[in-house]
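> Got a structure for you, upload.txt, holding compact mmCIF, C-alpha atoms.
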# COMPACT_ATOMS: atom_id res chain seq x y z
CA MET A 1 86.29 107.94 78.66
CA THR A 2 87.33 107.19 75.14
CA SER A 3 90.76 105.98 74.10
CA THR A 4 91.50 109.43 72.68
CA THR A 5 91.06 111.09 76.08
CA ARG A 6 93.07 108.56 78.07
CA TYR A 7 96.72 107.68 78.19
CA ARG A 8 97.46 104.38 76.52
CA ALA A 9 97.85 101.20 78.59
CA PRO A 10 101.69 101.11 78.46
CA GLN A 11 101.82 104.72 79.70
CA ARG A 12 99.38 104.01 82.52
CA LEU A 13 101.21 100.84 83.52
CA LEU A 14 104.59 102.58 83.62
CA HIS A 15 103.08 105.47 85.57
CA TRP A 16 101.73 103.20 88.29
CA LEU A 17 104.88 101.04 88.43
CA THR A 18 106.91 104.24 88.86
CA VAL A 19 104.55 105.35 91.62
CA LEU A 20 104.96 102.02 93.40
CA LEU A 21 108.76 102.14 93.25
CA VAL A 22 109.01 105.80 94.26
CA PHE A 23 106.51 105.37 97.09
CA THR A 24 108.59 102.50 98.50
CA THR A 25 112.00 104.03 97.83
CA ILE A 26 111.39 107.32 99.66
CA PRO A 27 110.48 105.79 103.03
CA VAL A 28 113.21 103.16 102.68
CA GLY A 29 115.71 105.98 102.10
CA LEU A 30 114.54 107.76 105.22
CA VAL A 31 114.61 104.66 107.43
CA MET A 32 117.92 103.21 106.20
CA VAL A 33 119.95 106.14 107.60
CA GLN A 34 118.47 106.00 111.10
CA GLU A 35 120.87 105.46 113.99
CA GLY A 36 120.57 102.22 115.93
CA LEU A 37 119.06 100.19 113.13
CA PRO A 38 120.30 96.60 113.16
CA ARG A 39 123.02 96.24 110.51
CA ALA A 40 121.25 93.39 108.68
CA ILE A 41 118.10 95.48 108.26
CA GLN A 42 120.10 98.55 107.27
CA ASN A 43 122.05 96.56 104.66
CA THR A 44 118.81 95.20 103.17
CA LEU A 45 117.30 98.69 102.98
CA PHE A 46 120.46 100.15 101.40
CA PHE A 47 120.53 97.29 98.88
CA TYR A 48 116.90 97.93 97.91
CA HIS A 49 117.23 101.73 97.75
CA LYS A 50 120.40 101.93 95.68
CA ASN A 51 119.41 99.14 93.28
CA ILE A 52 115.91 100.48 92.63
CA GLY A 53 117.21 103.98 91.76
CA PRO A 54 118.52 102.89 88.34
CA VAL A 55 115.24 101.04 87.70
CA ILE A 56 113.31 104.24 88.38
CA LEU A 57 115.69 106.14 86.10
CA LEU A 58 115.14 103.65 83.27
CA MET A 59 111.38 103.73 83.76
CA VAL A 60 111.32 107.54 83.66
CA LEU A 61 113.45 107.58 80.49
CA LEU A 62 111.14 104.97 78.94
CA ARG A 63 108.13 107.07 79.93
CA LEU A 64 109.68 110.11 78.26
CA ALA A 65 110.35 108.09 75.11
CA LEU A 66 106.78 106.83 75.10
CA ARG A 67 105.59 110.41 75.58
CA VAL A 68 107.28 111.28 72.28
CA LEU A 69 105.82 108.24 70.51
CA MET A 70 102.41 108.47 72.20
CA PRO A 71 101.61 112.10 73.01
CA ALA A 72 99.44 112.90 76.00
CA PRO A 73 95.72 112.95 75.29
CA PRO A 74 94.30 116.45 75.03
CA LEU A 75 93.16 118.16 78.20
CA PRO A 76 89.46 119.02 78.35
CA ALA A 77 88.68 122.39 76.77
CA SER A 78 86.99 123.34 80.04
CA LEU A 79 90.31 123.32 81.91
CA PRO A 80 91.49 126.90 82.45
CA ARG A 81 94.78 127.73 80.74
CA PRO A 82 96.63 128.54 84.02
CA GLN A 83 95.73 125.08 85.36
CA ALA A 84 96.90 123.43 82.14
CA LEU A 85 100.20 125.32 82.38
CA ALA A 86 100.56 124.36 86.05
CA ALA A 87 99.92 120.71 85.19
CA GLY A 88 102.53 120.76 82.43
CA THR A 89 105.04 122.46 84.70
CA VAL A 90 104.53 120.01 87.55
CA HIS A 91 104.82 117.05 85.17
CA ALA A 92 108.07 118.38 83.68
CA LEU A 93 109.49 119.10 87.13
CA LEU A 94 108.49 115.61 88.34
CA TYR A 95 110.39 114.02 85.46
CA ALA A 96 113.40 116.28 86.12
CA ALA A 97 113.33 115.60 89.86
CA LEU A 98 113.11 111.83 89.39
CA ILE A 99 116.04 111.88 86.97
CA ALA A 100 118.07 114.16 89.26
CA MET A 101 117.35 111.97 92.28
CA ALA A 102 118.39 108.79 90.48
CA LEU A 103 121.55 110.31 88.99
CA SER A 104 122.62 111.92 92.27
CA GLY A 105 122.00 108.66 94.14
CA ILE A 106 123.98 106.64 91.62
CA THR A 107 126.77 109.24 91.71
CA ARG A 108 126.83 109.25 95.52
CA VAL A 109 127.11 105.47 95.73
CA MET A 110 129.70 105.04 92.99
CA ALA A 111 131.84 108.03 93.99
CA GLY A 112 131.67 106.77 97.57
CA GLY A 113 133.26 103.53 96.42
CA TYR A 114 130.20 101.40 97.16
CA PRO A 115 128.67 98.81 94.87
CA ILE A 116 125.30 98.96 93.19
CA GLU A 117 125.18 95.21 93.27
CA LEU A 118 122.66 94.47 90.52
CA TRP A 119 124.00 97.23 88.29
CA ASP A 120 127.77 96.94 88.72
CA PRO A 121 128.13 94.66 85.66
CA LEU A 122 126.76 97.57 83.57
CA LEU A 123 127.75 100.64 85.58
CA GLY A 124 130.77 99.50 87.60
CA GLY A 125 133.76 101.80 87.11
CA LEU A 126 131.68 104.50 85.42
CA ILE A 127 132.50 106.93 88.24
CA ALA A 128 135.80 106.66 90.10
CA LYS A 129 135.91 106.91 93.88
CA ASN A 130 135.88 110.60 94.78
CA GLU A 131 134.87 111.57 98.32
CA ALA A 132 134.24 115.24 97.44
CA LEU A 133 131.91 114.24 94.60
CA ALA A 134 130.23 111.66 96.82
CA LYS A 135 129.55 114.27 99.52
CA THR A 136 128.20 116.77 96.99
CA ALA A 137 125.92 114.15 95.43
CA GLN A 138 124.78 113.01 98.87
CA ALA A 139 123.94 116.59 99.92
CA PHE A 140 122.04 117.18 96.67
CA HIS A 141 120.18 113.85 96.97
CA GLY A 142 119.38 114.50 100.61
CA THR A 143 117.87 117.89 99.86
CA ALA A 144 116.24 117.22 96.49
CA TRP A 145 113.95 114.56 97.88
CA ILE A 146 112.06 117.36 99.63
CA VAL A 147 111.42 119.01 96.26
CA LEU A 148 110.33 115.65 94.87
CA VAL A 149 107.92 115.07 97.76
CA LEU A 150 106.44 118.56 97.32
CA LEU A 151 105.95 117.94 93.60
CA ILE A 152 104.35 114.57 94.32
CA GLY A 153 102.06 116.29 96.82
CA ALA A 154 101.03 118.86 94.21
CA HIS A 155 100.44 116.12 91.63
CA VAL A 156 98.44 113.89 93.98
CA GLY A 157 96.49 116.89 95.28
CA ALA A 158 95.54 117.96 91.76
CA ALA A 159 94.60 114.39 90.86
CA ALA A 160 92.39 114.15 93.96
CA LEU A 161 90.78 117.51 93.17
CA HIS A 162 89.93 116.42 89.64
CA GLY A 163 88.97 112.84 90.56
CA LEU A 164 86.99 113.40 93.75
CA ILE A 165 85.67 116.95 93.60
CA LYS A 166 85.52 118.22 90.02
CA LYS A 167 84.97 114.80 88.45
CA ASP A 168 85.92 116.33 85.10
CA GLY A 169 87.62 113.28 83.57
CA ILE A 170 91.21 114.43 84.09
CA PHE A 171 91.87 111.83 86.79
CA SER A 172 90.42 109.10 84.56
CA ARG A 173 93.08 109.81 81.91
CA MET A 174 95.62 107.87 83.99
CA TRP A 175 93.34 105.61 86.05
CA PRO A 176 92.84 102.65 86.11
CA PRO A 177 96.33 101.37 85.47
CA VAL A 178 95.35 98.90 82.75
Take the structure in this file and express it as structure tokens.

Amino acid sequence: MTSTTRYRAPQRLLHWLTVLLVFTTIPVGLVMVQEGLPRAIQNTLFFYHKNIGPVILLMVLLRLALRVLMPAPPLPASLPRPQALAAGTVHALLYAALIAMALSGITRVMAGGYPIELWDPLLGGLIAKNEALAKTAQAFHGTAWIVLVLLIGAHVGAAALHGLIKKDGIFSRMWPPV
């Protein structure tokens, strides 16, 4: 693969860091709300989950900025147009879902009157306590993760198809990370 057919190193690094954080945050979010979990473990999981959300948001925004400065390498001419459109749609929806998840999580925590410990110096007081807003954000966050997981599944499935079966160079555009 040449440098003109691959994403640049900063884009690849941010992609894989985002993957790492999202792939740890989703299971933590599912476990932290389980009944009967010892409070110390639950507190640690809540701390991690709610403080990583803003990091993911910043990384996604940085990735979008880099996408403007460093456009995606061209797709191979052999890729059928419907697949190229599907790829673009899934990518756009992944960005939107990640932003929506982070913003709804931040809104839920702040409107619920809870701290986002590492971020309160910057974000504290941005959203006043509002139980109705907190419940709405929680419901949205609790449902939207399913959409996010489905989009991730589509993305990973397509990557596996191109990397393991078709071996057409599309997977190599983002791999290896550096």
> Using all atoms listed in the file, which residues sit within 12 Å of Ala92 (chain A) once same-chain residues fewer than 5 positions away are excluded, as a list in words?
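Neighbouring residues, sequence-local ones excluded: Val60, Arg63, Leu64, Arg67, Leu85, Ala86, Ala87, Ala97, Leu98, Ile99, Leu148, Leu151, Ile152 and His155 of chain A.
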> Excluding Glu117 (chain A) and any residue of its chain fewer than 6 positions from it, enumerate the residues within 10 Å of it, using all atoms listed in the file, and give them as a VMD selection string.
chain A and resid 47 to 48 50 to 51 123 to 124
> Could you please determine the separation between CA of Ala158 (chain A) and CA of Ile26 (chain A) in Å, to one decimal place?
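Computing it gives 20.7 Å between the two atoms.
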> Would you kindly return, as a list in words, each protein, DNA or RNA residue with an atom no farther than 6 Å from any atom of Ala102 (chain A), considering only C-alpha atoms and excluding same-chain residues fewer than 3 positions away?
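Listed by chain and then number, they are Gly53, Leu57, Ile99 and Gly105 of chain A.
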> What is the distance, in Å and to one decimal place, between CA of Pro115 (chain A) and CA of Ile41 (chain A)?
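One can read the CA of Pro115 (chain A) to CA of Ile41 (chain A) distance as 17.4 Å.
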> Measuring between all atoms listed in the file, which one of A:Leu94, A:Leu79, A:Val28, A:Leu150 shows the shortest distance to Lys166 (chain A)?
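For Lys166 (chain A), the nearest of the given residues is A:Leu79.
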> I need the residue nearest Thr24 (chain A) from this list: A:Arg39, A:Arg12, A:His49, A:His162. Use only C-alpha atoms for the distance.
A:His49
> Please report the interatomic distance between CA of Thr107 (chain A) and CA of Ala137 (chain A) in Å with one decimal.
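Pair CA of Thr107 (chain A) / CA of Ala137 (chain A) returns 6.2 Å.
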> Write out as a PyMOL selection string each polymer residue whose atoms come within 7 Å of Glu131 (chain A), counting all atoms listed in the file; drop sequence neighbours fewer than 2 positions from it.
chain A and resi 111-112+129+133-135
> Of the candidates A:Ala96, A:Leu45, A:Leu61, A:Leu103, which one gets nearest to Ile127 (chain A) if we count all atoms listed in the file?
A:Leu103
> Could you work out an axis-aligned bounding box for all listed atoms of region 86-105 of chain A, with 4 Å added on each of the six sides, and give its centre and edge lengths in Å to one decimal, as lines of an AutoDock Vina configuration file?

center_x = 111.3
center_y = 116.5
center_z = 88.3
size_x = 30.7
size_y = 23.7
size_z = 19.7
> Using all atoms listed in the file, which of the listed residues (A:Val147, A:Val109, A:Leu13, A:Leu164) sits closest to Val90 (chain A)?
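Closest to Val90 (chain A), using all atoms listed in the file: A:Val147.
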> Given the point (92.4, 109.6, 85.5) in the file's coordinates, find the residues that have an atom at most 10 Å from it, counting only C-alpha atoms, and give them as a ChimeraX atom specification.
/A:1,5-7,12,159-160,162-163,167-177
> Smallest atom-to-atom distance to Arg108 (chain A): which of A:Pro38, A:Ala128, A:Thr44, A:Ile165, using all atoms listed in the file?
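That would be A:Ala128, the residue with the smallest distance to Arg108 (chain A).
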> Out of A:Gly36, A:Ala84, A:Ser78, A:Val19, which residue has the shortest atom-to-atom distance to Met59 (chain A) when counting all atoms listed in the file?
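Comparing A:Gly36, A:Ala84, A:Ser78, A:Val19 against Met59 (chain A), the winner is A:Val19.
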